file coords36.cif (mmCIF, C-alpha atoms and all ligand atoms)
data_target
#
loop_
_atom_site.label_atom_id
_atom_site.label_comp_id
_atom_site.auth_asym_id
_atom_site.auth_seq_id
_atom_site.Cartn_x
_atom_site.Cartn_y
_atom_site.Cartn_z
CA MET A 85 -12.95 4.92 9.72
CA HIS A 86 -10.88 4.47 6.62
CA THR A 87 -7.50 3.17 7.66
CA SER A 88 -5.11 1.39 5.34
CA THR A 89 -4.10 -2.26 5.29
CA ALA A 90 -0.54 -1.03 5.89
CA LEU A 91 -1.68 0.70 9.10
CA SER A 92 -3.50 -2.43 10.23
CA ARG A 93 -0.19 -4.29 10.17
CA ILE A 94 1.49 -2.07 12.80
CA ALA A 95 1.03 -1.03 16.43
CA PRO A 96 2.14 2.24 18.04
CA SER A 97 5.49 2.21 19.84
CA GLN A 98 5.21 0.64 23.29
CA THR A 99 8.28 2.45 24.55
CA GLY A 100 6.48 5.70 23.70
CA ALA A 101 3.31 4.43 25.42
CA MET A 102 5.17 3.76 28.67
CA THR A 103 6.82 7.17 28.58
CA ASP A 104 3.42 8.81 28.00
CA ARG A 105 1.93 6.91 30.96
CA ALA A 106 4.79 8.00 33.21
CA ILE A 107 4.30 11.64 32.13
CA ALA A 108 0.54 11.41 32.86
CA LEU A 109 1.21 10.05 36.37
CA ARG A 110 3.77 12.76 36.99
CA GLU A 111 1.32 15.44 35.88
CA ALA A 112 -1.14 13.97 38.39
CA GLY A 113 1.44 14.71 41.10
CA ARG A 114 3.05 11.27 41.45
CA ASP A 115 6.81 10.88 41.70
CA VAL A 116 7.72 8.58 38.82
CA ILE A 117 11.27 7.88 37.69
CA SER A 118 11.34 7.10 34.01
CA LEU A 119 13.88 4.54 32.89
CA SER A 120 11.94 3.92 29.70
CA VAL A 121 13.43 6.46 27.32
CA GLY A 122 16.34 5.81 25.01
CA GLU A 123 18.17 9.10 25.20
CA PRO A 124 21.23 10.35 27.06
CA ASP A 125 20.44 12.69 29.94
CA PHE A 126 23.59 14.75 29.21
CA ALA A 127 23.17 18.26 27.82
CA THR A 128 23.77 18.69 24.10
CA PRO A 129 27.36 20.01 23.79
CA ALA A 130 27.57 23.82 23.83
CA HIS A 131 29.42 24.03 20.49
CA VAL A 132 26.59 22.10 18.82
CA VAL A 133 23.94 24.41 20.27
CA ALA A 134 26.04 27.41 19.21
CA ALA A 135 26.18 26.09 15.64
CA ALA A 136 22.39 25.77 15.58
CA LYS A 137 22.00 29.37 16.79
CA ALA A 138 24.53 30.60 14.25
CA ALA A 139 22.63 28.81 11.48
CA LEU A 140 19.41 30.57 12.50
CA ASP A 141 21.14 33.93 12.66
CA ALA A 142 22.67 33.36 9.25
CA GLY A 143 19.21 32.78 7.76
CA ASP A 144 19.84 29.09 7.23
CA THR A 145 16.09 28.56 7.31
CA ARG A 146 15.21 27.30 3.84
CA TYR A 147 14.86 23.98 2.07
CA THR A 148 18.14 22.21 1.55
CA ALA A 149 18.83 19.43 -0.95
CA VAL A 150 16.45 16.53 -0.15
CA GLY A 151 19.27 14.17 0.79
CA GLY A 152 21.09 16.72 2.97
CA THR A 153 23.54 19.57 2.55
CA ALA A 154 26.86 18.96 0.79
CA ARG A 155 28.52 20.22 3.98
CA LEU A 156 26.88 17.61 6.23
CA LYS A 157 27.43 14.82 3.70
CA GLN A 158 31.12 15.71 3.77
CA ALA A 159 31.09 15.58 7.60
CA ALA A 160 29.31 12.22 7.42
CA VAL A 161 32.00 10.86 5.08
CA LEU A 162 34.57 11.91 7.70
CA HIS A 163 32.49 10.29 10.46
CA PHE A 164 32.16 6.96 8.64
CA ALA A 165 35.92 6.84 7.99
CA ARG A 166 37.07 8.03 11.43
CA ASP A 167 34.54 6.33 13.70
CA LEU A 168 33.42 3.22 11.79
CA GLY A 169 36.36 2.55 9.46
CA ILE A 170 34.12 2.74 6.39
CA ALA A 171 35.48 4.48 3.30
CA THR A 172 32.62 6.15 1.45
CA GLN A 173 31.77 9.22 -0.60
CA ALA A 174 29.05 11.87 -0.65
CA SER A 175 27.07 10.14 -3.44
CA GLN A 176 26.70 7.12 -1.15
CA VAL A 177 25.50 9.10 1.87
CA LEU A 178 21.98 10.13 2.85
CA ILE A 179 21.04 12.55 5.62
CA THR A 180 17.71 11.72 7.26
CA ALA A 181 15.45 12.97 10.04
CA GLY A 182 17.02 10.64 12.62
CA GLY A 183 18.43 7.18 12.13
CA LYS A 184 14.86 5.91 12.17
CA GLN A 185 14.02 7.63 8.89
CA ALA A 186 16.99 5.95 7.19
CA ILE A 187 15.67 2.54 8.26
CA PHE A 188 12.14 3.47 7.19
CA ASN A 189 13.30 4.80 3.80
CA ALA A 190 15.47 1.75 3.13
CA LEU A 191 12.74 -0.77 3.90
CA MET A 192 10.08 1.19 2.00
CA ALA A 193 12.43 1.45 -0.98
CA THR A 194 13.24 -2.26 -1.17
CA VAL A 195 10.70 -4.55 0.50
CA SER A 196 7.92 -6.09 -1.58
CA GLU A 197 5.00 -8.20 -0.38
CA GLY A 198 6.32 -11.58 0.76
CA ASP A 199 9.92 -10.52 1.26
CA GLU A 200 11.39 -11.67 4.54
CA VAL A 201 13.51 -9.63 6.90
CA ILE A 202 15.51 -11.40 9.60
CA VAL A 203 15.32 -9.40 12.81
CA PRO A 204 17.30 -10.57 15.86
CA SER A 205 15.16 -10.52 18.98
CA PRO A 206 14.90 -8.95 21.52
CA TRP A 207 14.70 -6.18 18.92
CA TRP A 208 14.43 -2.42 18.79
CA VAL A 209 10.67 -1.80 18.74
CA SER A 210 10.53 -0.06 15.36
CA TYR A 211 12.28 -2.72 13.27
CA PRO A 212 9.45 -5.26 12.98
CA GLU A 213 6.79 -2.57 12.66
CA ILE A 214 8.56 -0.85 9.75
CA VAL A 215 9.12 -4.22 8.04
CA ARG A 216 5.41 -5.00 8.30
CA PHE A 217 4.39 -1.50 7.25
CA ALA A 218 6.49 -1.98 4.12
CA GLY A 219 4.66 -5.27 3.41
CA GLY A 220 7.43 -7.65 4.46
CA SER A 221 7.41 -10.55 6.89
CA VAL A 222 9.49 -10.54 10.04
CA VAL A 223 11.60 -13.63 10.65
CA PRO A 224 12.71 -13.47 14.29
CA LEU A 225 16.22 -14.65 15.12
CA ILE A 226 15.87 -15.38 18.80
CA THR A 227 18.86 -14.69 21.04
CA HIS A 228 19.28 -15.60 24.70
CA ALA A 229 20.64 -13.98 27.85
CA LYS A 230 23.05 -16.91 28.34
CA ASP A 231 24.73 -15.93 25.04
CA ASN A 232 24.72 -12.23 25.98
CA PHE A 233 21.90 -11.90 23.41
CA ARG A 234 24.21 -12.60 20.46
CA PHE A 235 23.45 -14.91 17.55
CA THR A 236 26.10 -16.86 15.65
CA ALA A 237 26.69 -17.03 11.91
CA ALA A 238 25.21 -20.56 11.95
CA ASP A 239 22.07 -19.31 13.75
CA LEU A 240 21.69 -16.70 11.05
CA GLU A 241 22.23 -19.08 8.14
CA ALA A 242 19.54 -21.41 9.55
CA GLN A 243 16.99 -18.60 9.15
CA ILE A 244 17.91 -17.58 5.59
CA GLY A 245 15.44 -18.76 2.97
CA PRO A 246 14.67 -18.00 -0.69
CA ARG A 247 12.58 -14.92 0.27
CA THR A 248 15.12 -13.41 2.67
CA LEU A 249 15.88 -9.85 1.58
CA TRP A 250 17.45 -8.18 4.63
CA VAL A 251 19.21 -9.11 7.82
CA LEU A 252 19.24 -6.48 10.54
CA ILE A 253 22.29 -6.22 12.77
CA ASN A 254 22.27 -3.71 15.61
CA SER A 255 25.58 -3.48 17.45
CA PRO A 256 25.75 -2.17 20.15
CA GLY A 257 22.16 -3.24 20.46
CA ASN A 258 18.98 -1.79 21.83
CA PRO A 259 17.49 -3.27 24.08
CA THR A 260 20.23 -5.77 25.02
CA GLY A 261 23.51 -3.85 24.81
CA ALA A 262 24.94 -6.76 22.80
CA CYS A 263 28.02 -6.02 20.67
CA TYR A 264 29.16 -8.29 17.86
CA PRO A 265 32.89 -9.05 17.81
CA ALA A 266 34.84 -8.95 14.55
CA GLU A 267 35.16 -12.75 14.35
CA THR A 268 31.37 -13.24 14.39
CA LEU A 269 30.88 -10.52 11.76
CA LEU A 270 33.58 -12.11 9.57
CA ALA A 271 31.74 -15.45 9.83
CA ILE A 272 28.49 -13.67 8.97
CA GLY A 273 30.31 -12.27 5.92
CA ASP A 274 31.03 -15.85 4.81
CA VAL A 275 27.34 -16.72 5.19
CA LEU A 276 26.38 -13.69 3.08
CA ARG A 277 28.76 -14.70 0.31
CA ARG A 278 26.77 -17.93 0.05
CA HIS A 279 23.48 -15.99 -0.19
CA PRO A 280 23.95 -13.25 -2.78
CA ARG A 281 20.37 -11.90 -2.62
CA VAL A 282 20.59 -11.01 1.07
CA MET A 283 21.34 -7.45 2.15
CA VAL A 284 22.43 -6.28 5.60
CA MET A 285 21.27 -3.27 7.50
CA SER A 286 23.91 -2.51 10.09
CA ASP A 287 22.50 -0.13 12.69
CA ASP A 288 25.58 1.32 14.39
CA ILE A 289 23.86 4.27 16.02
CA TYR A 290 25.29 3.37 19.46
CA ALA A 291 28.85 2.78 18.17
CA PRO A 292 30.63 5.28 20.47
CA ILE A 293 28.99 3.76 23.56
CA ARG A 294 31.01 0.55 23.91
CA TYR A 295 32.56 -0.70 27.12
CA GLY A 296 35.05 -3.25 25.73
CA GLY A 297 38.39 -2.11 24.32
CA GLY A 298 39.41 -1.90 20.69
CA ALA A 299 37.89 -0.50 17.56
CA HIS A 300 34.21 -0.77 16.78
CA ALA A 301 33.56 -3.83 14.59
CA THR A 302 31.19 -3.33 11.67
CA LEU A 303 30.46 -5.40 8.60
CA ALA A 304 31.17 -2.78 5.91
CA ASN A 305 34.64 -2.30 7.37
CA LEU A 306 35.39 -6.01 7.83
CA CYS A 307 33.95 -7.23 4.51
CA PRO A 308 34.43 -4.41 1.97
CA ASP A 309 33.70 -6.89 -0.86
CA LEU A 310 30.09 -6.97 0.42
CA ALA A 311 29.75 -3.18 0.58
CA ASP A 312 27.31 -3.12 -2.34
CA ARG A 313 24.70 -4.83 -0.16
CA ILE A 314 25.33 -3.23 3.21
CA LEU A 315 23.54 -0.17 4.51
CA THR A 316 25.22 1.29 7.59
CA VAL A 317 23.03 3.54 9.71
CA SER A 318 24.52 6.01 12.15
CA GLY A 319 23.70 9.43 13.54
CA VAL A 320 24.16 11.95 16.29
CA SER A 321 21.02 11.30 18.38
CA LYS A 322 22.55 8.88 20.88
CA SER A 323 26.25 9.71 20.57
CA HIS A 324 25.98 13.49 20.88
CA ALA A 325 22.77 13.78 22.96
CA MET A 326 20.91 15.29 19.99
CA THR A 327 17.71 13.21 19.93
CA GLY A 328 15.51 16.26 19.37
CA PHE A 329 17.53 17.54 16.42
CA ARG A 330 16.46 14.52 14.33
CA ILE A 331 19.55 13.85 12.23
CA GLY A 332 20.69 10.45 11.00
CA VAL A 333 23.43 9.61 8.51
CA SER A 334 23.67 6.44 6.48
CA THR A 335 25.84 5.01 3.77
CA GLY A 336 25.33 2.23 1.26
CA PRO A 337 25.37 1.46 -2.45
CA GLU A 338 24.31 4.35 -4.69
CA TRP A 339 21.19 2.61 -6.07
CA LEU A 340 19.87 2.14 -2.54
CA ILE A 341 20.74 5.65 -1.37
CA LYS A 342 18.91 7.01 -4.46
CA GLY A 343 15.86 4.87 -3.68
CA MET A 344 15.85 6.00 -0.05
CA GLU A 345 16.15 9.61 -1.18
CA ALA A 346 13.17 9.15 -3.52
CA VAL A 347 11.05 7.96 -0.56
CA GLN A 348 12.25 10.92 1.50
CA SER A 349 11.56 13.38 -1.34
CA HIS A 350 7.84 12.54 -1.14
CA SER A 351 7.53 12.41 2.62
CA THR A 352 9.58 14.83 4.73
CA SER A 353 11.88 16.34 2.07
CA ASN A 354 15.14 17.56 3.58
CA PRO A 355 15.99 17.13 7.26
CA CYS A 356 15.79 20.38 9.24
CA SER A 357 18.34 22.90 7.92
CA ILE A 358 19.30 24.13 11.40
CA SER A 359 19.76 20.60 12.71
CA GLN A 360 21.99 19.80 9.75
CA ALA A 361 24.24 22.74 10.62
CA ALA A 362 24.36 21.53 14.24
CA ALA A 363 25.23 17.99 13.09
CA VAL A 364 28.20 19.35 11.09
CA ALA A 365 29.53 20.83 14.35
CA ALA A 366 28.86 17.56 16.17
CA LEU A 367 30.69 15.40 13.62
CA GLU A 368 33.56 17.79 12.84
CA GLY A 369 34.03 19.29 16.31
CA PRO A 370 35.79 17.81 19.35
CA GLN A 371 34.94 14.19 20.14
CA ASP A 372 36.92 13.79 23.37
CA PHE A 373 33.91 14.39 25.66
CA LEU A 374 32.44 11.13 24.31
CA LEU A 375 35.06 9.24 26.33
CA ASP A 376 33.97 11.00 29.50
CA TRP A 377 30.29 10.26 28.76
CA ARG A 378 31.14 6.65 28.08
CA GLU A 379 32.90 6.29 31.43
CA ARG A 380 29.89 7.80 33.18
CA PHE A 381 27.62 5.34 31.39
CA ARG A 382 29.98 2.53 32.37
CA ALA A 383 29.77 3.44 36.08
CA ARG A 384 25.97 3.46 35.84
CA ARG A 385 25.94 0.17 33.97
CA ASP A 386 28.07 -1.46 36.66
CA MET A 387 25.83 -0.07 39.37
CA VAL A 388 22.62 -1.24 37.65
CA VAL A 389 23.96 -4.73 36.89
CA ARG A 390 25.12 -5.15 40.52
CA ALA A 391 21.84 -3.91 41.97
CA ILE A 392 19.61 -5.96 39.63
CA ASN A 393 21.53 -9.19 40.15
CA ALA A 394 21.23 -8.66 43.92
CA ILE A 395 17.41 -8.62 43.76
CA PRO A 396 16.02 -12.15 44.22
CA GLY A 397 14.29 -13.32 41.02
CA LEU A 398 15.97 -10.79 38.72
CA ALA A 399 19.02 -11.36 36.53
CA THR A 400 20.78 -9.52 33.75
CA PRO A 401 23.94 -10.15 31.72
CA VAL A 402 26.49 -7.35 31.57
CA PRO A 403 25.72 -5.23 28.47
CA ASP A 404 28.75 -4.55 26.25
CA GLY A 405 27.44 -1.28 24.85
CA ALA A 406 24.57 1.24 24.57
CA PHE A 407 22.76 2.26 27.78
CA TYR A 408 20.27 -0.54 28.32
CA CYS A 409 19.98 -3.69 30.41
CA MET A 410 17.58 -6.51 29.54
CA VAL A 411 16.40 -7.88 32.86
CA ASP A 412 14.99 -11.39 33.21
CA ALA A 413 12.27 -11.77 35.83
CA ALA A 414 11.12 -15.31 34.91
CA PRO A 415 11.21 -16.67 38.49
CA LEU A 416 8.75 -13.95 39.58
CA MET A 417 6.29 -14.23 36.71
CA ASP A 418 3.74 -16.44 38.51
CA ARG A 419 2.85 -13.34 40.51
CA PHE A 420 2.09 -11.45 37.31
CA GLU A 421 0.20 -14.20 35.45
CA HIS A 422 3.17 -14.52 33.09
CA ASP A 423 2.40 -11.13 31.60
CA ASP A 424 5.35 -8.78 31.79
CA GLY A 425 3.05 -5.87 30.91
CA LYS A 426 1.48 -6.46 34.35
CA LEU A 427 4.95 -6.55 35.91
CA ALA A 428 5.76 -3.19 34.28
CA LEU A 429 2.48 -1.70 35.55
CA HIS A 430 3.25 -2.98 39.05
CA LEU A 431 6.66 -1.28 38.92
CA LEU A 432 5.00 1.89 37.61
CA GLU A 433 2.68 1.84 40.64
CA HIS A 434 5.87 1.79 42.74
CA GLY A 435 7.21 4.83 40.91
CA VAL A 436 9.44 3.41 38.15
CA ALA A 437 8.58 3.45 34.45
CA LEU A 438 10.18 0.61 32.46
CA VAL A 439 9.34 -1.12 29.20
CA PRO A 440 8.30 -4.80 29.34
CA ALA A 441 10.51 -7.27 27.44
CA SER A 442 7.51 -8.33 25.33
CA ALA A 443 7.57 -4.90 23.65
CA PHE A 444 10.95 -5.94 22.21
CA GLY A 445 9.87 -9.43 21.16
CA GLY A 446 11.29 -10.84 24.43
CA ARG A 447 9.42 -12.17 27.43
CA ASP A 448 9.22 -12.28 31.23
CA GLY A 449 11.24 -9.19 31.97
CA PHE A 450 11.89 -5.55 31.26
CA ARG A 451 14.42 -3.14 29.82
CA ILE A 452 16.13 -0.55 31.96
CA SER A 453 17.56 2.50 30.27
CA PHE A 454 20.40 3.72 32.49
CA ALA A 455 20.63 7.06 30.72
CA ALA A 456 19.34 8.74 33.88
CA ASP A 457 21.25 10.63 36.56
CA ASP A 458 22.97 8.59 39.26
CA ALA A 459 20.79 9.60 42.20
CA ARG A 460 17.52 8.91 40.32
CA LEU A 461 18.91 5.61 39.07
CA GLU A 462 19.84 4.51 42.59
CA GLU A 463 16.42 5.50 43.90
CA ALA A 464 14.70 3.63 41.03
CA LEU A 465 16.66 0.47 41.84
CA ARG A 466 15.63 0.76 45.52
CA ARG A 467 11.99 1.08 44.41
CA ILE A 468 12.26 -1.96 42.13
CA ALA A 469 13.75 -4.03 44.98
CA LYS A 470 10.95 -2.92 47.30
CA ALA A 471 8.21 -3.52 44.72
CA LEU A 472 9.37 -7.08 44.12
CA ALA A 473 10.24 -8.01 47.72
C1 LIG A 501 18.65 0.72 17.68
C2 LIG A 501 18.17 2.07 17.30
N1 LIG A 501 18.28 2.44 16.01
C3 LIG A 501 17.86 3.64 15.60
C4 LIG A 501 17.29 4.52 16.49
C5 LIG A 501 16.78 5.83 15.92
O1 LIG A 501 17.40 6.92 16.41
P1 LIG A 501 16.99 8.38 15.93
O2 LIG A 501 16.50 9.07 17.15
O3 LIG A 501 18.24 8.96 15.37
O4 LIG A 501 15.93 8.25 14.91
C6 LIG A 501 17.13 4.20 17.82
C7 LIG A 501 16.48 5.10 18.78
O5 LIG A 501 15.96 4.71 19.80
C8 LIG A 501 17.61 2.92 18.25
O6 LIG A 501 17.52 2.54 19.53
#
call {"tool": "encode", "arguments": {"input": "coords36.cif", "output": "structure tokens"}}
result
Amino acid sequence: MHTSTALSRIAPSQTGAMTDRAIALREAGRDVISLSVGEPDFATPAHVVAAAKAALDAGDTRYTAVGGTARLKQAAVLHFARDLGIATQASQVLITAGGKQAIFNALMATVSEGDEVIVPSPWWVSYPEIVRFAGGSVVPLITHAKDNFRFTAADLEAQIGPRTLWVLINSPGNPTGACYPAETLLAIGDVLRRHPRVMVMSDDIYAPIRYGGGAHATLANLCPDLADRILTVSGVSKSHAMTGFRIGVSTGPEWLIKGMEAVQSHSTSNPCSISQAAAVAALEGPQDFLLDWRERFRARRDMVVRAINAIPGLATPVPDGAFYCMVDAAPLMDRFEHDDGKLALHLLEHGVALVPASAFGGRDGFRISFAADDARLEEALRRIAKALA
């Protein structure tokens, strides 16, 4: 075995592991409802699929520019302005194989041994692993259910030290659904002005899936004077039900975009040409169906929150965005030797696949993804109630 030190610093994705286990049980004939995956169950819009087919028919099957086609960069510029209120230009945009590759490229392009990255927890599983893979240290910024899993500007400032390089902000957040209001982001902007070395990665991939009113709040829009140290990550995976297409779009200062592109040029090269054509249709085509999807997610969220909070020993705050609930099961953890992996396995035995909170840097609970159809969701909640009765 000759594995690298970089590999020794990371573990495979636990959300993926739970999904794989659920698939294996299903293949063995068991009825398992998976609430572990982070993807909308809606069909990819027909006009997007049509654009992919047209690209194939047109022979759009060759390498493109490493950082993406001019056409998709132009659509991304439109998307950042229209949906996130961020004025940018093609030279400050990178197209990647999913939002994940943008985050990977950015951390690989900037983090050196000993650099610290502040990651709010509970976190999206890949953040700390990519930081460690790049040689950095993760500084957790712990958030709590009582605060709807949001940190304050003062909480953040308390974690900033001389080696802090990045702060990650994910709003709406996976796995908590937390959204940061403009006033908190403005206060965070003030903190950043006091710490000129610190950069911010704003992961806005769930931006269209917000349940409160008003415009989406994001740092690059609210604090344009800080734009030269903000990378905003977005994409079509979650918003347009295009997880399999693998397209992410990000914008930031030119030096960073160039560095990210250099990493990409020696790993995957360009994102899939056909997927890029489909993403142009997604970003430039009609957006009104997103409102309908959001309302359907909202109804499911309300149903899940009601059902979970009615089960003795379980509690969850109301998520403001995305399609996840972080459920606290602390009062029940004696039964599971205070190991929420055992709790998740118990629920799997009862036919529901969920990811334990510890996979996200949390504890004593699990994440529900409510991107599943209503009937399956209702049945899963009945099974959870029964399993924990
Ligand atoms: C918070 C967050 N950021 C980024 C991503 C990456 O999305 P993509 O599928 O576009 O790589 C995900 C996907 O689960 C996510 O939850």
call {"tool": "residues_around", "arguments": {"input": "coords36.cif", "residues": "Val364 (chain A)", "least_positions_apart": "3", "cutoff": "10 Å", "atoms": "all atoms listed in the file", "output": "ChimeraX atom specification"}}
result
/A:132,135-136,153,155-160,320,359-361,367-369
call {"tool": "closest_atom_pairs", "arguments": {"input": "coords36.cif", "of": "chain A", "to": "ligand LIG 501 (chain A)", "cutoff": "8 Å", "atoms": "all atoms listed in the file", "output": "tab-separated table"}}
result
residue	atom	partner	partner_atom	distance
A:Gly122	CA	A:LIG501	O5	5.3
A:Glu123	CA	A:LIG501	O5	7.3
A:Ala181	CA	A:LIG501	O4	6.8
A:Gly182	CA	A:LIG501	O3	3.4
A:Gly183	CA	A:LIG501	O3	3.7
A:Lys184	CA	A:LIG501	O4	3.8
A:Gln185	CA	A:LIG501	O4	6.3
A:Ile187	CA	A:LIG501	C3	7.7
A:Trp208	CA	A:LIG501	C1	5.4
A:Asn254	CA	A:LIG501	C1	6.1
A:Gly257	CA	A:LIG501	C1	6.0
A:Asn258	CA	A:LIG501	C1	4.9
A:Pro259	CA	A:LIG501	O6	7.4
A:Asp287	CA	A:LIG501	N1	6.0
A:Asp288	CA	A:LIG501	N1	7.6
A:Ile289	CA	A:LIG501	N1	5.9
A:Tyr290	CA	A:LIG501	C1	7.4
A:Val317	CA	A:LIG501	C3	7.8
A:Ser318	CA	A:LIG501	O3	7.6
A:Gly319	CA	A:LIG501	O3	5.8
A:Val320	CA	A:LIG501	O3	6.7
A:Ser321	CA	A:LIG501	O3	4.7
A:Lys322	CA	A:LIG501	O3	7.0
A:Thr327	CA	A:LIG501	O2	5.1
A:Gly328	CA	A:LIG501	O2	7.6
A:Arg330	CA	A:LIG501	O3	5.9
A:Ile331	CA	A:LIG501	O3	6.0
A:Gly332	CA	A:LIG501	O3	5.2
call {"tool": "residues_around", "arguments": {"input": "coords36.cif", "residues": "Thr260 (chain A)", "least_positions_apart": "6", "cutoff": "10 Å", "atoms": "all atoms listed in the file", "output": "PyMOL selection string"}}
result
chain A and resi 205-208+227-229+232-234+254+400-411+444+451-452
call {"tool": "closest_residue", "arguments": {"input": "coords36.cif", "among": "A:Ala413, A:Leu191, A:Leu429, A:Ala459", "to": "Val347 (chain A)", "atoms": "only C-alpha atoms"}}
result
A:Leu191
call {"tool": "atom_distance", "arguments": {"input": "coords36.cif", "atom1": "CA of Val215 (chain A)", "atom2": "CA of Ala95 (chain A)"}}
result
12.1 Å
call {"tool": "residues_around", "arguments": {"input": "coords36.cif", "residues": "Asp115 (chain A)", "least_positions_apart": "2", "cutoff": "9 Å", "atoms": "all atoms listed in the file", "output": "VMD selection string"}}
result
chain A and resid 109 to 110 113 117 435 to 436
call {"tool": "write_last_selection", "arguments": {"input": "coords36.cif", "atoms": "C-alpha atoms", "output": "mmCIF file, in the frame of the given file"}}
result
data_model
loop_
_atom_site.group_PDB
_atom_site.id
_atom_site.type_symbol
_atom_site.label_atom_id
_atom_site.label_comp_id
_atom_site.auth_asym_id
_atom_site.auth_seq_id
_atom_site.Cartn_x
_atom_site.Cartn_y
_atom_site.Cartn_z
ATOM 1 C CA LEU A 109 1.210 10.050 36.370
ATOM 2 C CA ARG A 110 3.770 12.760 36.990
ATOM 3 C CA GLY A 113 1.440 14.710 41.100
ATOM 4 C CA ILE A 117 11.270 7.880 37.690
ATOM 5 C CA GLY A 435 7.210 4.830 40.910
ATOM 6 C CA VAL A 436 9.440 3.410 38.150
#
call {"tool": "atom_distance", "arguments": {"input": "coords36.cif", "atom1": "CA of Ala473 (chain A)", "atom2": "CA of Arg382 (chain A)"}}
result
27.1 Å
call {"tool": "decode", "arguments": {"input": "coords36.cif", "residues": "region 278-289 of chain A", "atoms": "N, CA and C atoms", "output": "PDB file, in the first residue's frame"}}
result
ATOM      1  N   ARG A 278     -11.544  44.349   9.559  1.00  0.00           N
ATOM      2  CA  ARG A 278     -10.497  44.391  10.614  1.00  0.00           C
ATOM      3  C   ARG A 278      -9.446  43.291  10.423  1.00  0.00           C
ATOM      4  N   HIS A 279      -9.718  42.351   9.533  1.00  0.00           N
ATOM      5  CA  HIS A 279      -8.797  41.210   9.346  1.00  0.00           C
ATOM      6  C   HIS A 279      -8.516  41.040   7.851  1.00  0.00           C
ATOM      7  N   PRO A 280      -7.617  41.860   7.321  1.00  0.00           N
ATOM      8  CA  PRO A 280      -7.463  41.930   5.864  1.00  0.00           C
ATOM      9  C   PRO A 280      -6.904  40.673   5.196  1.00  0.00           C
ATOM     10  N   ARG A 281      -6.361  39.729   5.970  1.00  0.00           N
ATOM     11  CA  ARG A 281      -5.815  38.513   5.325  1.00  0.00           C
ATOM     12  C   ARG A 281      -6.931  37.505   5.015  1.00  0.00           C
ATOM     13  N   VAL A 282      -8.062  37.640   5.722  1.00  0.00           N
ATOM     14  CA  VAL A 282      -9.075  36.585   5.693  1.00  0.00           C
ATOM     15  C   VAL A 282      -9.958  36.681   4.446  1.00  0.00           C
ATOM     16  N   MET A 283     -10.125  35.535   3.788  1.00  0.00           N
ATOM     17  CA  MET A 283     -11.006  35.465   2.623  1.00  0.00           C
ATOM     18  C   MET A 283     -12.288  34.715   2.997  1.00  0.00           C
ATOM     19  N   VAL A 284     -13.336  34.932   2.210  1.00  0.00           N
ATOM     20  CA  VAL A 284     -14.611  34.271   2.493  1.00  0.00           C
ATOM     21  C   VAL A 284     -15.046  33.453   1.296  1.00  0.00           C
ATOM     22  N   MET A 285     -15.403  32.204   1.578  1.00  0.00           N
ATOM     23  CA  MET A 285     -16.034  31.394   0.554  1.00  0.00           C
ATOM     24  C   MET A 285     -17.511  31.350   0.881  1.00  0.00           C
ATOM     25  N   SER A 286     -18.305  31.951   0.006  1.00  0.00           N
ATOM     26  CA  SER A 286     -19.747  32.001   0.227  1.00  0.00           C
ATOM     27  C   SER A 286     -20.386  30.956  -0.685  1.00  0.00           C
ATOM     28  N   ASP A 287     -20.870  29.894  -0.065  1.00  0.00           N
ATOM     29  CA  ASP A 287     -21.468  28.799  -0.841  1.00  0.00           C
ATOM     30  C   ASP A 287     -22.977  29.032  -0.874  1.00  0.00           C
ATOM     31  N   ASP A 288     -23.435  29.544  -2.027  1.00  0.00           N
ATOM     32  CA  ASP A 288     -24.840  29.957  -2.182  1.00  0.00           C
ATOM     33  C   ASP A 288     -25.613  28.983  -3.065  1.00  0.00           C
ATOM     34  N   ILE A 289     -25.155  27.739  -3.088  1.00  0.00           N
ATOM     35  CA  ILE A 289     -25.711  26.790  -4.052  1.00  0.00           C
ATOM     36  C   ILE A 289     -27.209  26.526  -3.838  1.00  0.00           C
TER      37      ILE A 289
END
